[in-house]
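Visitor: My structure is in model29.tsv, and what it holds is TSV, C-alpha atoms:
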chain	number	residue	atom	x	y	z
D	1	MET	CA	112.58	120.47	96.38
D	2	GLY	CA	110.98	119.57	99.66
D	3	ILE	CA	107.31	120.00	100.43
D	4	ARG	CA	105.68	119.40	103.79
D	5	PHE	CA	102.07	118.28	104.08
D	6	ARG	CA	100.15	118.79	107.30
D	7	ASN	CA	97.30	116.36	107.66
D	8	SER	CA	96.43	116.90	111.30
D	9	GLY	CA	93.45	119.24	111.48
D	10	SER	CA	93.05	119.37	107.72
D	11	ARG	CA	89.65	120.46	106.40
D	12	TYR	CA	90.37	118.70	103.11
D	13	GLU	CA	90.36	115.18	104.57
D	14	PRO	CA	89.12	113.09	101.62
D	15	PHE	CA	91.05	115.07	98.99
D	16	ASN	CA	94.49	115.35	100.55
D	17	MET	CA	95.29	111.66	99.94
D	18	VAL	CA	94.58	112.02	96.22
D	19	PHE	CA	96.94	114.99	96.03
D	20	MET	CA	99.64	113.18	97.98
D	21	ARG	CA	99.44	110.15	95.66
D	22	MET	CA	99.68	112.42	92.63
D	23	PHE	CA	102.70	114.23	94.12
D	24	LEU	CA	104.50	110.93	94.77
D	25	GLN	CA	103.90	109.84	91.17
D	26	LEU	CA	105.22	113.18	89.87
D	27	GLN	CA	108.43	112.72	91.84
D	28	LYS	CA	109.14	109.55	89.83
D	29	VAL	CA	109.12	111.45	86.51
D	30	ASP	CA	112.60	111.93	85.08
D	31	ASP	CA	112.29	115.29	83.32
D	32	ILE	CA	115.98	116.19	83.37
D	33	SER	CA	117.15	113.90	80.58
D	34	ASP	CA	114.12	114.49	78.34
D	35	TYR	CA	114.53	116.66	75.26
D	36	GLY	CA	112.94	120.05	75.76
D	37	HIS	CA	112.92	119.97	79.55
D	38	GLN	CA	112.50	123.27	81.30
D	39	ILE	CA	115.81	125.10	81.72
D	40	HIS	CA	116.87	128.37	83.25
D	41	ILE	CA	117.61	131.27	80.90
D	42	GLU	CA	121.23	131.31	82.11
D	43	GLU	CA	121.68	127.69	81.03
D	44	TYR	CA	120.18	128.47	77.63
D	45	LEU	CA	122.47	131.45	77.08
D	46	TYR	CA	125.52	129.45	78.18
D	47	LYS	CA	124.77	126.65	75.70
D	48	LYS	CA	124.13	129.20	72.97
D	49	SER	CA	127.51	130.85	73.61
D	50	LEU	CA	129.25	127.45	73.38
D	51	VAL	CA	127.73	126.86	69.95
D	52	LYS	CA	129.01	130.25	68.74
D	53	LYS	CA	132.55	129.49	69.97
D	54	ILE	CA	132.67	126.12	68.18
D	55	ASN	CA	131.60	127.58	64.83
Turn the structure described in the file into structure tokens.
Guide:
Amino acid sequence: MGIRFRNSGSRYEPFNMVFMRMFLQLQKVDDISDYGHQIHIEEYLYKKSLVKKIN
């Protein structure tokens, strides 16, 4: 997901750098392979239907 920050003319001059650093650190988090990561309801229902077919 792309996000664009505009710093020219910003009224939040001292605080925007803190937010940008935090955002860059969050991009490094690998939340896809973690157990319990957020999934879409369609993905959940699909996996649930696969379990029913196997049993």
Visitor: Find the distance between atom CA of Leu45 of chain D and atom CA of Val29 of chain D and write it in Å to one decimal.
Guide: 25.8 Å
Visitor: Mind pulling up the distance from atom CA of Arg4 of chain D to atom CA of Leu24 of chain D?
Guide: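 Answer for the atom CA of Leu24 of chain D to atom CA of Arg4 of chain D separation: 12.4 Å.
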Visitor: Figure out the distance between atom CA of Leu26 of chain D and atom CA of Glu13 of chain D, please, to one decimal in Å.
Guide: 21.0 Å
